[in-house]
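So this one's coords30.pdb, PDB, C-alpha atoms:
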```pdb
ATOM      1  CA  MET A   1       0.000   0.000   0.000
ATOM      2  CA  THR A   2       1.421   3.368  -1.014
ATOM      3  CA  GLU A   3       1.504   6.543   1.053
ATOM      4  CA  ARG A   4      -1.127   8.073  -1.272
ATOM      5  CA  ASP A   5      -3.544   5.192  -0.578
ATOM      6  CA  ILE A   6      -3.091   5.600   3.168
ATOM      7  CA  SER A   7      -3.870   9.352   2.956
ATOM      8  CA  ASP A   8      -6.975   8.681   0.832
ATOM      9  CA  GLU A   9      -8.344   6.139   3.320
ATOM     10  CA  SER A  10      -7.831   8.519   6.240
ATOM     11  CA  GLN A  11     -10.035  11.196   4.672
ATOM     12  CA  PRO A  12     -13.732  11.157   5.780
ATOM     13  CA  GLU A  13     -16.402  10.410   3.210
ATOM     14  CA  ALA A  14     -18.198  13.419   1.766
ATOM     15  CA  VAL A  15     -21.714  13.991   3.030
ATOM     16  CA  VAL A  16     -24.240  13.490   0.229
ATOM     17  CA  ASN A  17     -27.165  15.935   0.112
ATOM     18  CA  VAL A  18     -29.910  13.492  -0.829
ATOM     19  CA  GLY A  19     -32.641  16.141  -1.048
ATOM     20  CA  GLN A  20     -30.671  18.293  -3.499
ATOM     21  CA  ARG A  21     -29.845  15.210  -5.551
ATOM     22  CA  LEU A  22     -33.544  14.301  -5.841
ATOM     23  CA  MET A  23     -34.527  17.850  -6.809
ATOM     24  CA  GLN A  24     -31.786  18.105  -9.472
ATOM     25  CA  ALA A  25     -32.796  14.764 -10.990
ATOM     26  CA  ARG A  26     -36.452  15.886 -11.130
ATOM     27  CA  MET A  27     -35.591  19.243 -12.720
ATOM     28  CA  ALA A  28     -33.332  17.502 -15.254
ATOM     29  CA  ARG A  29     -36.416  15.577 -16.405
ATOM     30  CA  GLN A  30     -38.355  18.881 -16.576
ATOM     31  CA  LEU A  31     -40.999  17.620 -14.140
ATOM     32  CA  THR A  32     -42.888  19.661 -11.585
ATOM     33  CA  ILE A  33     -43.183  18.277  -8.086
ATOM     34  CA  GLU A  34     -46.956  18.189  -8.599
ATOM     35  CA  GLU A  35     -46.576  15.866 -11.616
ATOM     36  CA  VAL A  36     -44.301  13.500  -9.682
ATOM     37  CA  ALA A  37     -46.702  13.429  -6.725
ATOM     38  CA  GLY A  38     -49.576  12.507  -9.070
ATOM     39  CA  GLN A  39     -47.683   9.613 -10.644
ATOM     40  CA  LEU A  40     -46.385   8.235  -7.320
ATOM     41  CA  HIS A  41     -49.713   8.851  -5.516
ATOM     42  CA  LEU A  42     -47.904  10.799  -2.780
ATOM     43  CA  GLN A  43     -48.628  14.187  -1.253
ATOM     44  CA  VAL A  44     -46.789  17.221  -2.618
ATOM     45  CA  ARG A  45     -45.776  18.343   0.887
ATOM     46  CA  HIS A  46     -44.065  15.006   1.569
ATOM     47  CA  LEU A  47     -42.020  15.149  -1.653
ATOM     48  CA  ASP A  48     -41.034  18.746  -0.906
ATOM     49  CA  ALA A  49     -39.991  17.739   2.619
ATOM     50  CA  LEU A  50     -37.778  14.996   1.127
ATOM     51  CA  GLU A  51     -36.090  17.491  -1.207
ATOM     52  CA  GLN A  52     -35.590  19.965   1.655
ATOM     53  CA  GLN A  53     -34.584  17.150   4.096
ATOM     54  CA  ASP A  54     -37.117  18.513   6.604
ATOM     55  CA  LEU A  55     -37.869  15.656   9.032
ATOM     56  CA  SER A  56     -40.407  17.782  10.940
ATOM     57  CA  ARG A  57     -42.840  17.541   7.989
ATOM     58  CA  LEU A  58     -42.406  13.786   7.458
ATOM     59  CA  PRO A  59     -43.944  10.744   9.237
ATOM     60  CA  GLY A  60     -41.919   7.999  10.910
ATOM     61  CA  PRO A  61     -38.659   6.537   9.530
ATOM     62  CA  SER A  62     -40.452   3.504   8.066
ATOM     63  CA  TYR A  63     -42.606   5.767   5.903
ATOM     64  CA  ILE A  64     -39.582   7.885   4.935
ATOM     65  CA  CYS A  65     -37.776   4.765   3.660
ATOM     66  CA  GLY A  66     -40.761   3.850   1.493
ATOM     67  CA  TYR A  67     -41.112   7.382   0.095
ATOM     68  CA  LEU A  68     -37.384   7.580  -0.694
ATOM     69  CA  ARG A  69     -37.325   4.203  -2.483
ATOM     70  CA  SER A  70     -40.344   5.103  -4.622
ATOM     71  CA  TYR A  71     -38.953   8.555  -5.487
ATOM     72  CA  ALA A  72     -35.457   7.195  -6.270
ATOM     73  CA  LYS A  73     -36.767   4.384  -8.520
ATOM     74  CA  PHE A  74     -38.977   6.882 -10.367
ATOM     75  CA  LEU A  75     -35.922   9.070 -11.080
ATOM     76  CA  ASN A  76     -33.677   6.064 -11.890
ATOM     77  CA  LEU A  77     -31.453   6.720  -8.867
ATOM     78  CA  PRO A  78     -29.896   4.002  -6.635
ATOM     79  CA  SER A  79     -32.580   3.535  -3.979
ATOM     80  CA  ASN A  80     -30.354   1.873  -1.354
ATOM     81  CA  GLU A  81     -27.789   4.680  -1.559
ATOM     82  CA  ILE A  82     -30.514   7.354  -1.337
ATOM     83  CA  VAL A  83     -32.122   5.722   1.733
ATOM     84  CA  GLU A  84     -28.849   5.103   3.602
ATOM     85  CA  ASN A  85     -27.604   8.697   3.139
ATOM     86  CA  PHE A  86     -30.844  10.445   4.112
ATOM     87  CA  PRO A  87     -30.522  12.176   7.531
ATOM     88  CA  GLY A  88     -32.151  10.218  10.352
ATOM     89  CA  VAL A  89     -32.777   7.063   8.325
ATOM     90  CA  ARG A  90     -29.297   5.543   8.707
ATOM     91  CA  GLU A  91     -29.591   5.780  12.516
ATOM     92  CA  HIS A  92     -33.007   4.088  12.359
ATOM     93  CA  ILE A  93     -31.669   1.189  10.242
ATOM     94  CA  ALA A  94     -28.674   0.740  12.566
ATOM     95  CA  GLY A  95     -30.994   0.697  15.602
ATOM     96  CA  VAL A  96     -33.219  -1.982  14.062
ATOM     97  CA  LYS A  97     -30.201  -4.187  13.249
ATOM     98  CA  SER A  98     -28.781  -3.857  16.773
ATOM     99  CA  THR A  99     -32.180  -4.764  18.283
ATOM    100  CA  VAL A 100     -32.411  -7.922  16.179
ATOM    101  CA  VAL A 101     -28.848  -8.995  17.077
ATOM    102  CA  SER A 102     -29.349  -8.416  20.812
ATOM    103  CA  THR A 103     -32.615 -10.416  20.986
ATOM    104  CA  LYS A 104     -32.185 -13.608  23.024
ATOM    105  CA  LEU A 105     -34.257 -16.789  22.641
ATOM    106  CA  TYR A 106     -35.386 -18.890  25.551
ATOM    107  CA  THR A 107     -33.254 -21.986  26.080
ATOM    108  CA  PRO A 108     -34.455 -25.312  27.459
ATOM    109  CA  ARG A 109     -32.740 -24.376  30.696
ATOM    110  CA  SER A 110     -35.018 -21.341  31.088
ATOM    111  CA  PHE A 111     -38.083 -23.587  30.731
ATOM    112  CA  ASP A 112     -36.700 -25.879  33.402
ATOM    113  CA  ILE A 113     -36.344 -22.929  35.769
ATOM    114  CA  TYR A 114     -39.956 -21.897  35.035
ATOM    115  CA  ARG A 115     -41.261 -25.401  35.799
ATOM    116  CA  ALA A 116     -39.181 -25.564  38.966
ATOM    117  CA  ARG A 117     -41.014 -22.641  40.580
ATOM    118  CA  PRO A 118     -42.935 -23.477  43.771
ATOM    119  CA  ALA A 119     -46.571 -24.546  43.397
ATOM    120  CA  TRP A 120     -47.790 -21.875  45.837
ATOM    121  CA  LEU A 121     -47.002 -19.155  43.260
ATOM    122  CA  GLY A 122     -49.807 -20.475  41.048
ATOM    123  CA  ALA A 123     -52.234 -20.479  43.961
ATOM    124  CA  VAL A 124     -51.372 -16.872  44.847
ATOM    125  CA  GLY A 125     -51.923 -15.820  41.221
ATOM    126  CA  MET A 126     -55.314 -17.532  41.075
ATOM    127  CA  LEU A 127     -56.381 -15.906  44.350
ATOM    128  CA  ALA A 128     -55.392 -12.463  43.050
ATOM    129  CA  ALA A 129     -57.431 -13.058  39.888
ATOM    130  CA  LEU A 130     -60.528 -14.047  41.948
ATOM    131  CA  LEU A 131     -60.187 -10.921  44.093
ATOM    132  CA  LEU A 132     -59.953  -8.735  40.983
ATOM    133  CA  ILE A 133     -63.064 -10.333  39.456
ATOM    134  CA  GLY A 134     -64.993  -9.812  42.705
ATOM    135  CA  TRP A 135     -63.991  -6.144  42.863
ATOM    136  CA  LEU A 136     -65.108  -5.575  39.272
ATOM    137  CA  VAL A 137     -68.493  -7.239  39.940
ATOM    138  CA  PHE A 138     -68.977  -5.039  43.015
ATOM    139  CA  GLN A 139     -68.200  -1.867  41.065
ATOM    140  CA  MET A 140     -70.595  -2.792  38.255
ATOM    141  CA  SER A 141     -73.427  -3.674  40.631
ATOM    142  CA  GLY A 142     -73.008  -0.351  42.452
ATOM    143  CA  ARG A 143     -73.208   1.622  39.240
ATOM    144  CA  SER A 144     -76.263  -0.286  37.934
ATOM    145  CA  GLY A 145     -78.340   0.927  40.887
ATOM    146  CA  ARG A 146     -77.705   4.619  40.163
ATOM    147  CA  PRO A 147     -80.097   6.395  37.758
ATOM    148  CA  GLU A 148     -78.461   7.935  34.706
ATOM    149  CA  PRO A 149     -78.841  11.750  34.671
ATOM    150  CA  ALA A 150     -81.194  13.025  31.993
ATOM    151  CA  ILE A 151     -79.856  15.479  29.438
ATOM    152  CA  THR A 152     -81.912  18.674  29.410
ATOM    153  CA  SER A 153     -82.233  21.137  26.590
ATOM    154  CA  GLN A 154     -80.110  23.624  28.518
ATOM    155  CA  GLN A 155     -77.208  21.134  28.475
ATOM    156  CA  ALA A 156     -77.228  20.790  24.698
ATOM    157  CA  VAL A 157     -73.956  21.485  22.993
ATOM    158  CA  PRO A 158     -73.967  25.067  21.686
ATOM    159  CA  LYS A 159     -73.482  25.620  17.993
ATOM    160  CA  VAL A 160     -70.094  26.954  16.998
ATOM    161  CA  VAL A 161     -70.298  29.847  14.566
ATOM    162  CA  PRO A 162     -67.123  30.061  12.476
ATOM    163  CA  LYS A 163     -65.404  33.412  12.309
ATOM    164  CA  VAL A 164     -64.959  34.917   8.893
ATOM    165  CA  VAL A 165     -61.434  36.240   8.483
ATOM    166  CA  ALA A 166     -60.940  38.876   5.850
ATOM    167  CA  PRO A 167     -58.126  38.178   3.374
ATOM    168  CA  PRO A 168     -54.987  40.338   3.642
ATOM    169  CA  ALA A 169     -54.870  43.517   1.651
ATOM    170  CA  SER A 170     -53.142  43.405  -1.714
ATOM    171  CA  ARG A 171     -49.543  44.604  -1.862
ATOM    172  CA  ILE A 172     -47.595  45.984  -4.767
ATOM    173  CA  ASP A 173     -44.216  47.603  -4.972
ATOM    174  CA  PRO A 174     -44.522  50.984  -6.748
ATOM    175  CA  GLY A 175     -40.822  50.816  -7.719
ATOM    176  CA  ALA A 176     -41.176  47.800 -10.074
ATOM    177  CA  PRO A 177     -38.886  48.418 -13.073
ATOM    178  CA  VAL A 178     -40.303  49.317 -16.524
ATOM    179  CA  LEU A 179     -43.889  48.512 -15.437
ATOM    180  CA  ASP A 180     -46.597  51.129 -15.902
ATOM    181  CA  ASP A 181     -50.223  51.290 -14.711
ATOM    182  CA  SER A 182     -51.532  50.048 -18.071
ATOM    183  CA  VAL A 183     -49.604  46.747 -17.722
ATOM    184  CA  LEU A 184     -50.184  45.859 -14.066
ATOM    185  CA  PRO A 185     -53.591  44.396 -13.057
ATOM    186  CA  THR A 186     -55.958  46.331 -10.795
ATOM    187  CA  THR A 187     -55.379  43.895  -7.891
ATOM    188  CA  VAL A 188     -52.145  42.179  -6.902
ATOM    189  CA  SER A 189     -52.242  39.295  -4.404
ATOM    190  CA  ALA A 190     -48.574  39.203  -3.431
ATOM    191  CA  ASP A 191     -45.100  40.249  -4.523
ATOM    192  CA  VAL A 192     -41.955  38.188  -4.133
ATOM    193  CA  ILE A 193     -38.600  39.988  -3.898
ATOM    194  CA  ALA A 194     -35.395  37.921  -3.949
ATOM    195  CA  ALA A 195     -32.904  38.556  -1.133
ATOM    196  CA  LEU A 196     -30.154  40.314  -3.076
ATOM    197  CA  PRO A 197     -27.544  42.958  -2.198
ATOM    198  CA  PRO A 198     -28.584  46.596  -2.715
ATOM    199  CA  SER A 199     -28.283  48.078  -6.229
ATOM    200  CA  THR A 200     -28.354  44.586  -7.776
ATOM    201  CA  PRO A 201     -29.874  44.570 -11.301
ATOM    202  CA  VAL A 202     -33.205  42.708 -11.280
ATOM    203  CA  ALA A 203     -36.056  41.929 -13.650
ATOM    204  CA  ALA A 204     -39.787  42.105 -12.905
ATOM    205  CA  LEU A 205     -41.869  38.994 -13.647
ATOM    206  CA  VAL A 206     -45.690  39.237 -13.457
ATOM    207  CA  LEU A 207     -48.037  36.209 -13.494
ATOM    208  CA  GLU A 208     -51.820  36.653 -13.803
ATOM    209  CA  PHE A 209     -54.092  33.679 -13.057
ATOM    210  CA  SER A 210     -57.561  33.132 -14.520
ATOM    211  CA  GLY A 211     -57.747  29.655 -12.939
ATOM    212  CA  ASP A 212     -56.058  27.540 -10.260
ATOM    213  CA  SER A 213     -52.479  26.499 -11.089
ATOM    214  CA  TRP A 214     -49.355  25.115  -9.404
ATOM    215  CA  VAL A 215     -46.332  27.452  -9.669
ATOM    216  CA  GLU A 216     -42.624  26.853  -9.022
ATOM    217  CA  ILE A 217     -40.138  29.637  -9.925
ATOM    218  CA  TYR A 218     -36.333  29.822  -9.600
ATOM    219  CA  ASP A 219     -34.060  32.775 -10.413
ATOM    220  CA  ALA A 220     -30.648  32.764 -12.108
ATOM    221  CA  GLY A 221     -28.951  31.842  -8.818
ATOM    222  CA  GLU A 222     -31.153  28.712  -8.358
ATOM    223  CA  ARG A 223     -33.008  30.455  -5.506
ATOM    224  CA  ARG A 224     -36.603  29.241  -5.227
ATOM    225  CA  LEU A 225     -38.803  32.343  -5.200
ATOM    226  CA  VAL A 226     -42.306  30.866  -5.547
ATOM    227  CA  TYR A 227     -43.590  27.409  -4.562
ATOM    228  CA  GLU A 228     -47.354  27.250  -4.094
ATOM    229  CA  GLU A 229     -50.780  26.705  -5.613
ATOM    230  CA  VAL A 230     -52.253  30.009  -6.817
ATOM    231  CA  HIS A 231     -56.009  30.450  -7.237
ATOM    232  CA  ALA A 232     -58.076  32.127  -9.936
ATOM    233  CA  GLY A 233     -58.086  35.933  -9.889
ATOM    234  CA  GLU A 234     -54.738  36.226  -8.097
ATOM    235  CA  THR A 235     -51.500  37.786  -9.352
ATOM    236  CA  ARG A 236     -47.850  37.327  -8.430
ATOM    237  CA  VAL A 237     -45.159  40.002  -8.959
ATOM    238  CA  ILE A 238     -41.642  38.560  -8.697
ATOM    239  CA  LYS A 239     -38.422  40.598  -8.600
ATOM    240  CA  GLY A 240     -35.166  38.716  -9.049
ATOM    241  CA  GLN A 241     -32.300  38.052 -11.409
ATOM    242  CA  ALA A 242     -33.195  36.743 -14.868
ATOM    243  CA  PRO A 243     -33.280  34.277 -16.463
ATOM    244  CA  PHE A 244     -36.188  32.794 -14.462
ATOM    245  CA  LYS A 245     -37.042  29.084 -14.612
ATOM    246  CA  LEU A 246     -40.793  28.435 -14.391
ATOM    247  CA  MET A 247     -42.752  25.234 -13.785
ATOM    248  CA  LEU A 248     -46.508  25.696 -14.276
ATOM    249  CA  GLY A 249     -49.250  23.149 -13.695
ATOM    250  CA  ALA A 250     -52.065  24.726 -15.769
ATOM    251  CA  THR A 251     -50.604  26.959 -18.483
ATOM    252  CA  LYS A 252     -53.929  27.804 -20.153
ATOM    253  CA  SER A 253     -54.980  29.847 -17.112
ATOM    254  CA  VAL A 254     -51.702  31.796 -16.687
ATOM    255  CA  GLN A 255     -50.423  34.951 -18.414
ATOM    256  CA  VAL A 256     -46.694  35.763 -18.088
ATOM    257  CA  ARG A 257     -45.056  39.190 -18.539
ATOM    258  CA  LEU A 258     -41.388  40.118 -18.180
ATOM    259  CA  ASN A 259     -40.610  43.818 -17.669
ATOM    260  CA  GLY A 260     -44.051  44.604 -19.075
ATOM    261  CA  ALA A 261     -43.699  42.491 -22.244
ATOM    262  CA  HIS A 262     -45.961  39.478 -22.847
ATOM    263  CA  PHE A 263     -44.235  36.050 -22.976
ATOM    264  CA  ASP A 264     -45.635  33.326 -25.284
ATOM    265  CA  MET A 265     -45.693  29.915 -23.526
ATOM    266  CA  LYS A 266     -47.273  27.905 -26.374
ATOM    267  CA  PRO A 267     -43.955  26.461 -27.717
ATOM    268  CA  HIS A 268     -43.189  25.084 -24.224
ATOM    269  CA  GLN A 269     -46.569  23.537 -23.349
ATOM    270  CA  GLN A 270     -46.739  19.796 -22.675
ATOM    271  CA  ARG A 271     -50.407  18.903 -22.288
ATOM    272  CA  GLU A 272     -51.480  21.204 -19.424
ATOM    273  CA  SER A 273     -48.061  21.832 -17.858
ATOM    274  CA  ALA A 274     -44.877  23.576 -18.965
ATOM    275  CA  VAL A 275     -41.235  23.953 -17.906
ATOM    276  CA  PHE A 276     -39.342  26.830 -19.493
ATOM    277  CA  GLU A 277     -37.027  29.835 -18.960
ATOM    278  CA  VAL A 278     -37.988  33.487 -19.251
ATOM    279  CA  GLY A 279     -35.580  36.340 -19.984
ATOM    280  CA  SER A 280     -31.816  36.655 -19.897
ATOM    281  CA  ALA A 281     -29.139  38.561 -18.000
ATOM    282  CA  GLN A 282     -29.706  41.577 -20.299
ATOM    283  CA  ASP A 283     -33.212  41.963 -18.831
ATOM    284  CA  ASN A 284     -31.844  42.761 -15.352
ATOM    285  CA  ARG A 285     -31.844  46.461 -14.512
ATOM    286  CA  ILE A 286     -31.045  48.569 -11.470
ATOM    287  CA  GLU A 287     -34.212  49.961  -9.930
ATOM    288  CA  SER A 288     -34.414  53.719  -9.587
ATOM    289  CA  GLY A 289     -34.862  54.776  -5.990
ATOM    290  CA  GLY A 290     -34.327  51.212  -4.705
ATOM    291  CA  GLU A 291     -32.843  50.560  -1.296
TER     292      GLU A 291
END
```

Encoded form (structure tokens):
Amino acid sequence: MTERDISDESQPEAVVNVGQRLMQARMARQLTIEEVAGQLHLQVRHLDALEQQDLSRLPGPSYICGYLRSYAKFLNLPSNEIVENFPGVREHIAGVKSTVVSTKLYTPRSFDIYRARPAWLGAVGMLAALLLIGWLVFQMSGRSGRPEPAITSQQAVPKVVPKVVAPPASRIDPGAPVLDDSVLPTTVSADVIAALPPSTPVAALVLEFSGDSWVEIYDAGERRLVYEEVHAGETRVIKGQAPFKLMLGATKSVQVRLNGAHFDMKPHQQRESAVFEVGSAQDNRIESGGE
């Protein structure tokens, strides 16, 4: 063995980010997380928790192993490697193996010891059982003689009237670049602004929804800006660095604009969903009056 081999063996193995590996494999296939959840018959929140490696949003380790194997096989990834490197699962597998190894079976000698116990132990156990049965009979006979209280109309369970909570007021940033009042809709549900240093050139992406649709948006730095189901009549204004990568679940009910210009999604549509990029680095501009 050479000195180089000894130094290589002494180095610790690199920690594999299983969640990031699953997300990259899904995006390479141009699939939204909603499409994968539909084909695997799993909930979207569980698949997202696997990609984010968030154990607080996942069930027990046994379920996590099953979800990981199904997801890995669907993406043509090695399922055993994915399961063993997922945080919290390796410890669970090691604990199960140690429990099985440490389990001891009864030997004939142990049965001999059991049969060698004194006979009076059986008599004491039978006496205790008779006393318990007598106590239970006494308790039941005492309760049967008491009349059950009648339920009056005044004791009826009151009806619970749900409170109606008004939706939050619409918000819009008046400093959106190159957007005028004729382009923006009359109501905006929410804006999303990427966490970037001051005076960073950004582009303004506007999505208008005439129907319910799943939306997943990443900026040029692979930062996930939007990840939610948006309902009909709502609008999203996103400020970040172009190009943007969009994954839409219902393209027929979504209108996309970049810096005020309409974007045609028809060449990218696959049935009712689409995965495509919008804009380029030349579309990023420094906002006037921005912080």

For this session: Give me, please, the distance in Å between atom CA of A:Gly88 and atom CA of A:Arg45, quoted to one decimal.
Result: 18.5 Å

For this session: For A:His46, work out the shell of residues within 12 Å, counting only C-alpha atoms and skipping chain neighbours fewer than 4 positions away, then give it as an MDAnalysis selection string.
Result: chainID A and resid 19 33:34 36:37 40:42 50:60 63:64 66:68 71

Exercise. So which one's closest to A:Leu196, A:Leu130, A:Ala25, A:Ala119, A:Ile286? Using all atoms listed in the file, please.
Worked result: A:Ile286

Exercise. Could you pull the residues within 6 Å of stretch 212-227 of chain A, counting all atoms listed in the file, minus those fewer than 3 positions along the same chain, as a count of residues only?
Worked result: 13

For stretch 24-34 of chain A, what centre and edge lengths in Å (one decimal) does the axis-aligned box get once 5 Å is added on each side of all its listed atoms, as lines of an AutoDock Vina configuration file?
```
center_x = -39.4
center_y = 17.2
center_z = -12.3
size_x = 25.2
size_y = 14.9
size_z = 18.5
```

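Going from atom CA of A:Glu234 to atom CA of A:Phe209 covers 5.6 Å.
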
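Between atom CA of A:Gly279 and atom CA of A:Arg236 the interatomic distance comes to 16.9 Å.
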